[in-house]
>>> print(open('final26.cif').read())   # mmCIF, C-alpha atoms
data_input
loop_
_atom_site.group_PDB
_atom_site.id
_atom_site.type_symbol
_atom_site.label_atom_id
_atom_site.label_comp_id
_atom_site.auth_asym_id
_atom_site.auth_seq_id
_atom_site.Cartn_x
_atom_site.Cartn_y
_atom_site.Cartn_z
ATOM 1 C CA MET A 1 0.000 0.000 0.000
ATOM 2 C CA GLY A 2 1.318 3.415 -0.897
ATOM 3 C CA VAL A 3 3.577 1.841 -3.534
ATOM 4 C CA LEU A 4 1.043 0.872 -6.193
ATOM 5 C CA PRO A 5 -1.672 3.075 -7.697
ATOM 6 C CA ASP A 6 -5.114 2.238 -6.237
ATOM 7 C CA GLY A 7 -6.433 0.588 -9.414
ATOM 8 C CA GLN A 8 -3.404 -1.648 -9.711
ATOM 9 C CA LEU A 9 -3.557 -2.464 -5.999
ATOM 10 C CA VAL A 10 -7.146 -3.688 -6.382
ATOM 11 C CA ARG A 11 -6.231 -5.755 -9.475
ATOM 12 C CA GLU A 12 -3.274 -7.326 -7.676
ATOM 13 C CA LEU A 13 -5.351 -7.962 -4.561
ATOM 14 C CA LEU A 14 -8.162 -9.656 -6.482
ATOM 15 C CA GLY A 15 -5.631 -11.735 -8.402
ATOM 16 C CA TRP A 16 -3.892 -12.780 -5.199
ATOM 17 C CA LEU A 17 -7.238 -13.748 -3.620
ATOM 18 C CA GLY A 18 -8.203 -15.699 -6.740
ATOM 19 C CA VAL A 19 -11.235 -13.553 -7.508
ATOM 20 C CA ASP A 20 -12.335 -13.288 -11.122
ATOM 21 C CA PRO A 21 -13.754 -9.754 -11.368
ATOM 22 C CA ALA A 22 -15.767 -10.678 -14.478
ATOM 23 C CA TRP A 23 -18.126 -12.914 -12.474
ATOM 24 C CA VAL A 24 -20.472 -10.941 -10.311
ATOM 25 C CA VAL A 25 -23.570 -12.349 -8.647
ATOM 26 C CA ALA A 26 -23.929 -9.312 -6.378
ATOM 27 C CA GLY A 27 -27.533 -8.509 -5.619
ATOM 28 C CA ALA A 28 -28.728 -12.080 -6.081
ATOM 29 C CA GLU A 29 -30.722 -13.684 -3.294
ATOM 30 C CA SER A 30 -28.936 -15.086 -0.275
ATOM 31 C CA VAL A 31 -28.975 -18.805 0.441
ATOM 32 C CA SER A 32 -28.904 -20.710 3.728
ATOM 33 C CA VAL A 33 -27.660 -24.293 3.867
ATOM 34 C CA PRO A 34 -26.946 -26.718 6.706
ATOM 35 C CA LEU A 35 -23.274 -26.765 7.692
ATOM 36 C CA THR A 36 -23.333 -30.564 7.529
ATOM 37 C CA ALA A 37 -24.166 -30.376 3.815
ATOM 38 C CA LEU A 38 -20.933 -28.472 3.184
ATOM 39 C CA ASP A 39 -18.865 -31.328 4.564
ATOM 40 C CA ASP A 40 -19.874 -33.512 1.632
ATOM 41 C CA ARG A 41 -20.644 -31.485 -1.470
ATOM 42 C CA ASP A 42 -20.649 -34.663 -3.571
ATOM 43 C CA GLY A 43 -24.351 -34.955 -2.825
ATOM 44 C CA PRO A 44 -27.074 -32.861 -4.421
ATOM 45 C CA CYS A 45 -27.227 -29.132 -3.785
ATOM 46 C CA PRO A 46 -29.639 -28.493 -0.898
ATOM 47 C CA CYS A 47 -31.356 -25.566 -2.645
ATOM 48 C CA ASP A 48 -32.707 -24.651 -6.048
ATOM 49 C CA VAL A 49 -31.021 -21.241 -6.482
ATOM 50 C CA GLY A 50 -29.044 -21.118 -9.742
ATOM 51 C CA TRP A 51 -25.830 -19.541 -8.468
ATOM 52 C CA MET A 52 -25.665 -21.973 -5.554
ATOM 53 C CA ARG A 53 -26.196 -25.005 -7.803
ATOM 54 C CA ALA A 54 -23.261 -23.783 -9.934
ATOM 55 C CA ALA A 55 -21.120 -23.014 -6.871
ATOM 56 C CA TRP A 56 -21.905 -26.408 -5.346
ATOM 57 C CA ARG A 57 -19.953 -28.145 -8.127
ATOM 58 C CA VAL A 58 -16.822 -26.029 -7.585
ATOM 59 C CA ARG A 59 -14.402 -27.807 -5.245
ATOM 60 C CA ASP A 60 -11.931 -25.088 -4.318
ATOM 61 C CA TRP A 61 -13.970 -22.603 -2.292
ATOM 62 C CA HIS A 62 -11.736 -20.530 -0.082
ATOM 63 C CA THR A 63 -12.249 -18.145 2.781
ATOM 64 C CA VAL A 64 -10.816 -14.654 2.980
ATOM 65 C CA ARG A 65 -10.625 -13.619 6.582
ATOM 66 C CA GLY A 66 -8.946 -10.895 8.537
ATOM 67 C CA GLN A 67 -9.541 -9.641 12.036
ATOM 68 C CA GLY A 68 -7.622 -6.794 13.521
ATOM 69 C CA GLU A 69 -6.226 -6.704 17.011
ATOM 70 C CA ARG A 70 -6.974 -3.026 17.466
ATOM 71 C CA ARG A 71 -10.317 -2.759 15.703
ATOM 72 C CA GLN A 72 -13.467 -4.815 15.655
ATOM 73 C CA TYR A 73 -13.683 -4.406 11.886
ATOM 74 C CA GLY A 74 -12.803 -7.547 9.971
ATOM 75 C CA VAL A 75 -13.201 -9.331 6.656
ATOM 76 C CA LEU A 76 -14.944 -12.681 6.304
ATOM 77 C CA SER A 77 -15.894 -13.738 2.793
ATOM 78 C CA ILE A 78 -15.971 -16.885 0.696
ATOM 79 C CA VAL A 79 -14.611 -16.872 -2.851
ATOM 80 C CA VAL A 80 -15.954 -19.474 -5.263
ATOM 81 C CA PRO A 81 -13.741 -19.359 -8.373
ATOM 82 C CA GLY A 82 -15.686 -18.650 -11.540
ATOM 83 C CA ILE A 83 -18.877 -17.922 -9.580
ATOM 84 C CA GLY A 84 -18.338 -15.003 -7.238
ATOM 85 C CA VAL A 85 -17.693 -13.577 -3.796
ATOM 86 C CA PHE A 86 -20.014 -14.179 -0.856
ATOM 87 C CA ASP A 87 -20.366 -12.671 2.585
ATOM 88 C CA ARG A 88 -20.950 -15.454 5.071
ATOM 89 C CA GLU A 89 -22.734 -15.754 8.366
ATOM 90 C CA VAL A 90 -23.011 -18.809 10.577
ATOM 91 C CA ASP A 91 -26.025 -19.128 12.821
ATOM 92 C CA GLY A 92 -26.028 -22.353 14.791
ATOM 93 C CA ASP A 93 -25.819 -25.169 12.269
ATOM 94 C CA THR A 94 -26.705 -23.028 9.255
ATOM 95 C CA LEU A 95 -24.480 -21.080 6.865
ATOM 96 C CA THR A 96 -25.964 -18.142 4.992
ATOM 97 C CA LEU A 97 -24.169 -16.891 1.890
ATOM 98 C CA GLN A 98 -25.006 -13.413 0.600
ATOM 99 C CA PRO A 99 -23.671 -12.656 -2.900
ATOM 100 C CA SER A 100 -21.307 -9.720 -2.858
ATOM 101 C CA SER A 101 -18.968 -8.253 -5.449
ATOM 102 C CA PRO A 102 -15.229 -8.353 -6.026
ATOM 103 C CA ALA A 103 -15.170 -4.561 -5.612
ATOM 104 C CA GLU A 104 -16.777 -4.796 -2.166
ATOM 105 C CA LEU A 105 -14.304 -7.491 -1.107
ATOM 106 C CA ALA A 106 -11.378 -5.370 -2.316
ATOM 107 C CA ARG A 107 -12.723 -2.298 -0.467
ATOM 108 C CA ASP A 108 -13.204 -4.338 2.717
ATOM 109 C CA VAL A 109 -9.667 -5.738 2.593
ATOM 110 C CA VAL A 110 -8.100 -2.341 1.810
ATOM 111 C CA ARG A 111 -10.178 -0.679 4.561
ATOM 112 C CA PHE A 112 -9.116 -3.390 6.998
ATOM 113 C CA LEU A 113 -5.418 -3.075 6.075
ATOM 114 C CA THR A 114 -5.540 0.721 6.143
ATOM 115 C CA ALA A 115 -7.227 0.826 9.571
ATOM 116 C CA GLU A 116 -4.733 -1.626 11.039
ATOM 117 C CA ARG A 117 -1.801 0.230 9.525
ATOM 118 C CA ARG A 118 -3.065 3.612 10.724
ATOM 119 C CA ASP A 119 -3.415 2.246 14.264
ATOM 120 C CA GLU A 120 0.211 1.042 14.238
ATOM 121 C CA ALA A 121 1.533 4.547 13.518
#
>>> encode(input="final26.cif", output="C-alpha cells")
Amino acid sequence: MGVLPDGQLVRELLGWLGVDPAWVVAGAESVSVPLTALDDRDGPCPCDVGWMRAAWRVRDWHTVRGQGERRQYGVLSIVVPGIGVFDREVDGDTLTLQPSSPAELARDVVRFLTAERRDEA
C-alpha cells in the first residue's frame, strides 16, 4: 500500500485472492444451507437457487478472513472461483451466503489493512 496506484492495488489484490472480477452475482438472493451439507458437497445441492447449484460443483472454495487486534472491523468472505464472492454468516448449524462483489471485497480488505496500519503509527 502506498507503492502501487489504487487501481493496480485492487487488481493485484483480487488476483492474489483468486477472484475473477468478471463474475459478479452481487444482488442475487442469499442462500442458507446446513453446515453438515458443506462437509460432503458430492451430494445434491440443498437448494434450487441457480448460483448456488453452480457453486456447489466447484471444489476449491476458499475463505478470505482478517480480524484486527486493534479494531473490531474484519473481513470474512468466501470466494468461489468462476462464480463469485459471498459474505458469510453462521447461525447455529446453518451457513448463509449473501452474494457480494469483487469490488466490495477489495474495499473491505483495503479498509481493513488501512485501519490496522493507521493504528500502528
>>> resolve_selection(input="final26.cif", expression="the PyMOL selection byres ((chain A and resi 80) around 12)", output="mmCIF file with C-alpha atoms, keeping the file's coordinate frame")
data_model
loop_
_atom_site.group_PDB
_atom_site.id
_atom_site.type_symbol
_atom_site.label_atom_id
_atom_site.label_comp_id
_atom_site.auth_asym_id
_atom_site.auth_seq_id
_atom_site.Cartn_x
_atom_site.Cartn_y
_atom_site.Cartn_z
ATOM 1 C CA LEU A 17 -7.238 -13.748 -3.620
ATOM 2 C CA GLY A 18 -8.203 -15.699 -6.740
ATOM 3 C CA VAL A 19 -11.235 -13.553 -7.508
ATOM 4 C CA ASP A 20 -12.335 -13.288 -11.122
ATOM 5 C CA PRO A 21 -13.754 -9.754 -11.368
ATOM 6 C CA TRP A 23 -18.126 -12.914 -12.474
ATOM 7 C CA VAL A 24 -20.472 -10.941 -10.311
ATOM 8 C CA VAL A 25 -23.570 -12.349 -8.647
ATOM 9 C CA TRP A 51 -25.830 -19.541 -8.468
ATOM 10 C CA MET A 52 -25.665 -21.973 -5.554
ATOM 11 C CA ARG A 53 -26.196 -25.005 -7.803
ATOM 12 C CA ALA A 54 -23.261 -23.783 -9.934
ATOM 13 C CA ALA A 55 -21.120 -23.014 -6.871
ATOM 14 C CA TRP A 56 -21.905 -26.408 -5.346
ATOM 15 C CA ARG A 57 -19.953 -28.145 -8.127
ATOM 16 C CA VAL A 58 -16.822 -26.029 -7.585
ATOM 17 C CA ARG A 59 -14.402 -27.807 -5.245
ATOM 18 C CA ASP A 60 -11.931 -25.088 -4.318
ATOM 19 C CA TRP A 61 -13.970 -22.603 -2.292
ATOM 20 C CA HIS A 62 -11.736 -20.530 -0.082
ATOM 21 C CA THR A 63 -12.249 -18.145 2.781
ATOM 22 C CA VAL A 64 -10.816 -14.654 2.980
ATOM 23 C CA SER A 77 -15.894 -13.738 2.793
ATOM 24 C CA ILE A 78 -15.971 -16.885 0.696
ATOM 25 C CA VAL A 79 -14.611 -16.872 -2.851
ATOM 26 C CA PRO A 81 -13.741 -19.359 -8.373
ATOM 27 C CA GLY A 82 -15.686 -18.650 -11.540
ATOM 28 C CA ILE A 83 -18.877 -17.922 -9.580
ATOM 29 C CA GLY A 84 -18.338 -15.003 -7.238
ATOM 30 C CA VAL A 85 -17.693 -13.577 -3.796
ATOM 31 C CA PHE A 86 -20.014 -14.179 -0.856
ATOM 32 C CA ASP A 87 -20.366 -12.671 2.585
ATOM 33 C CA LEU A 97 -24.169 -16.891 1.890
ATOM 34 C CA PRO A 99 -23.671 -12.656 -2.900
ATOM 35 C CA SER A 100 -21.307 -9.720 -2.858
ATOM 36 C CA SER A 101 -18.968 -8.253 -5.449
ATOM 37 C CA PRO A 102 -15.229 -8.353 -6.026
#
>>> closest_residue(input="final26.cif", among="A:Leu76, A:Gly50, A:Leu95, A:Arg107", to="Leu38 (chain A)", atoms="all atoms listed in the file")
A:Leu95
>>> atom_distance(input="final26.cif", atom1="CA of Ala106 (chain A)", atom2="CA of Glu12 (chain A)")
9.9 Å
>>> closest_residue(input="final26.cif", among="A:Arg65, A:Arg88, A:Leu14, A:Pro44", to="Ser32 (chain A)", atoms="all atoms listed in the file")
A:Arg88
>>> atom_distance(input="final26.cif", atom1="CA of Ala37 (chain A)", atom2="CA of Thr94 (chain A)")
9.5 Å
>>> atom_distance(input="final26.cif", atom1="CA of Val31 (chain A)", atom2="CA of Gly92 (chain A)")
15.1 Å
>>> build_atoms(input="final26.cif", residues="region 31-53 of chain A", atoms="N, CA, C and O atoms", output="PDB file, in the frame of the given file")
ATOM      1  N   VAL A  31     -28.615 -17.402   0.300  1.00  0.00           N
ATOM      2  CA  VAL A  31     -28.975 -18.805   0.441  1.00  0.00           C
ATOM      3  C   VAL A  31     -28.478 -19.299   1.790  1.00  0.00           C
ATOM      4  O   VAL A  31     -27.364 -18.983   2.202  1.00  0.00           O
ATOM      5  N   SER A  32     -29.301 -20.075   2.471  1.00  0.00           N
ATOM      6  CA  SER A  32     -28.904 -20.710   3.728  1.00  0.00           C
ATOM      7  C   SER A  32     -28.886 -22.214   3.524  1.00  0.00           C
ATOM      8  O   SER A  32     -29.813 -22.778   2.942  1.00  0.00           O
ATOM      9  N   VAL A  33     -27.801 -22.841   3.985  1.00  0.00           N
ATOM     10  CA  VAL A  33     -27.660 -24.293   3.867  1.00  0.00           C
ATOM     11  C   VAL A  33     -27.156 -24.842   5.193  1.00  0.00           C
ATOM     12  O   VAL A  33     -26.462 -24.157   5.940  1.00  0.00           O
ATOM     13  N   PRO A  34     -27.474 -26.095   5.486  1.00  0.00           N
ATOM     14  CA  PRO A  34     -26.946 -26.718   6.706  1.00  0.00           C
ATOM     15  C   PRO A  34     -25.422 -26.878   6.604  1.00  0.00           C
ATOM     16  O   PRO A  34     -24.908 -27.234   5.542  1.00  0.00           O
ATOM     17  N   LEU A  35     -24.730 -26.608   7.685  1.00  0.00           N
ATOM     18  CA  LEU A  35     -23.274 -26.765   7.692  1.00  0.00           C
ATOM     19  C   LEU A  35     -22.871 -28.199   7.368  1.00  0.00           C
ATOM     20  O   LEU A  35     -21.856 -28.427   6.710  1.00  0.00           O
ATOM     21  N   THR A  36     -23.663 -29.164   7.799  1.00  0.00           N
ATOM     22  CA  THR A  36     -23.333 -30.564   7.529  1.00  0.00           C
ATOM     23  C   THR A  36     -23.317 -30.859   6.034  1.00  0.00           C
ATOM     24  O   THR A  36     -22.557 -31.707   5.576  1.00  0.00           O
ATOM     25  N   ALA A  37     -24.135 -30.159   5.262  1.00  0.00           N
ATOM     26  CA  ALA A  37     -24.166 -30.376   3.815  1.00  0.00           C
ATOM     27  C   ALA A  37     -22.859 -29.941   3.161  1.00  0.00           C
ATOM     28  O   ALA A  37     -22.448 -30.490   2.141  1.00  0.00           O
ATOM     29  N   LEU A  38     -22.189 -28.956   3.756  1.00  0.00           N
ATOM     30  CA  LEU A  38     -20.933 -28.472   3.184  1.00  0.00           C
ATOM     31  C   LEU A  38     -19.791 -29.459   3.361  1.00  0.00           C
ATOM     32  O   LEU A  38     -18.811 -29.420   2.624  1.00  0.00           O
ATOM     33  N   ASP A  39     -19.914 -30.336   4.336  1.00  0.00           N
ATOM     34  CA  ASP A  39     -18.865 -31.328   4.564  1.00  0.00           C
ATOM     35  C   ASP A  39     -18.761 -32.318   3.417  1.00  0.00           C
ATOM     36  O   ASP A  39     -17.696 -32.880   3.169  1.00  0.00           O
ATOM     37  N   ASP A  40     -19.862 -32.555   2.725  1.00  0.00           N
ATOM     38  CA  ASP A  40     -19.874 -33.512   1.632  1.00  0.00           C
ATOM     39  C   ASP A  40     -20.651 -32.915   0.470  1.00  0.00           C
ATOM     40  O   ASP A  40     -21.841 -33.159   0.322  1.00  0.00           O
ATOM     41  N   ARG A  41     -19.958 -32.124  -0.347  1.00  0.00           N
ATOM     42  CA  ARG A  41     -20.644 -31.485  -1.470  1.00  0.00           C
ATOM     43  C   ARG A  41     -20.736 -32.410  -2.677  1.00  0.00           C
ATOM     44  O   ARG A  41     -21.064 -31.980  -3.770  1.00  0.00           O
ATOM     45  N   ASP A  42     -20.456 -33.703  -2.487  1.00  0.00           N
ATOM     46  CA  ASP A  42     -20.649 -34.663  -3.571  1.00  0.00           C
ATOM     47  C   ASP A  42     -22.128 -34.959  -3.771  1.00  0.00           C
ATOM     48  O   ASP A  42     -22.536 -35.385  -4.839  1.00  0.00           O
ATOM     49  N   GLY A  43     -22.912 -34.724  -2.734  1.00  0.00           N
ATOM     50  CA  GLY A  43     -24.351 -34.955  -2.825  1.00  0.00           C
ATOM     51  C   GLY A  43     -25.030 -33.826  -3.580  1.00  0.00           C
ATOM     52  O   GLY A  43     -24.393 -32.880  -4.041  1.00  0.00           O
ATOM     53  N   PRO A  44     -26.333 -33.899  -3.704  1.00  0.00           N
ATOM     54  CA  PRO A  44     -27.074 -32.861  -4.421  1.00  0.00           C
ATOM     55  C   PRO A  44     -27.068 -31.540  -3.646  1.00  0.00           C
ATOM     56  O   PRO A  44     -26.992 -31.512  -2.422  1.00  0.00           O
ATOM     57  N   CYS A  45     -27.151 -30.461  -4.387  1.00  0.00           N
ATOM     58  CA  CYS A  45     -27.227 -29.132  -3.785  1.00  0.00           C
ATOM     59  C   CYS A  45     -28.527 -29.040  -2.980  1.00  0.00           C
ATOM     60  O   CYS A  45     -29.588 -29.414  -3.468  1.00  0.00           O
ATOM     61  N   PRO A  46     -28.445 -28.526  -1.751  1.00  0.00           N
ATOM     62  CA  PRO A  46     -29.639 -28.493  -0.898  1.00  0.00           C
ATOM     63  C   PRO A  46     -30.621 -27.364  -1.210  1.00  0.00           C
ATOM     64  O   PRO A  46     -31.594 -27.186  -0.487  1.00  0.00           O
ATOM     65  N   CYS A  47     -30.393 -26.617  -2.283  1.00  0.00           N
ATOM     66  CA  CYS A  47     -31.356 -25.566  -2.645  1.00  0.00           C
ATOM     67  C   CYS A  47     -31.458 -25.468  -4.160  1.00  0.00           C
ATOM     68  O   CYS A  47     -30.654 -26.038  -4.889  1.00  0.00           O
ATOM     69  N   ASP A  48     -32.432 -24.734  -4.622  1.00  0.00           N
ATOM     70  CA  ASP A  48     -32.707 -24.651  -6.048  1.00  0.00           C
ATOM     71  C   ASP A  48     -32.332 -23.290  -6.645  1.00  0.00           C
ATOM     72  O   ASP A  48     -32.826 -22.916  -7.687  1.00  0.00           O
ATOM     73  N   VAL A  49     -31.455 -22.550  -5.980  1.00  0.00           N
ATOM     74  CA  VAL A  49     -31.021 -21.241  -6.482  1.00  0.00           C
ATOM     75  C   VAL A  49     -29.878 -21.472  -7.467  1.00  0.00           C
ATOM     76  O   VAL A  49     -28.915 -22.186  -7.164  1.00  0.00           O
ATOM     77  N   GLY A  50     -29.990 -20.869  -8.647  1.00  0.00           N
ATOM     78  CA  GLY A  50     -29.044 -21.118  -9.742  1.00  0.00           C
ATOM     79  C   GLY A  50     -27.586 -20.918  -9.387  1.00  0.00           C
ATOM     80  O   GLY A  50     -26.747 -21.778  -9.684  1.00  0.00           O
ATOM     81  N   TRP A  51     -27.244 -19.782  -8.769  1.00  0.00           N
ATOM     82  CA  TRP A  51     -25.830 -19.541  -8.468  1.00  0.00           C
ATOM     83  C   TRP A  51     -25.292 -20.561  -7.468  1.00  0.00           C
ATOM     84  O   TRP A  51     -24.145 -20.968  -7.556  1.00  0.00           O
ATOM     85  N   MET A  52     -26.124 -20.998  -6.537  1.00  0.00           N
ATOM     86  CA  MET A  52     -25.665 -21.973  -5.554  1.00  0.00           C
ATOM     87  C   MET A  52     -25.484 -23.347  -6.188  1.00  0.00           C
ATOM     88  O   MET A  52     -24.534 -24.058  -5.858  1.00  0.00           O
ATOM     89  N   ARG A  53     -26.372 -23.720  -7.107  1.00  0.00           N
ATOM     90  CA  ARG A  53     -26.196 -25.005  -7.803  1.00  0.00           C
ATOM     91  C   ARG A  53     -24.877 -25.009  -8.568  1.00  0.00           C
ATOM     92  O   ARG A  53     -24.157 -26.004  -8.575  1.00  0.00           O
TER      93      ARG A  53
END
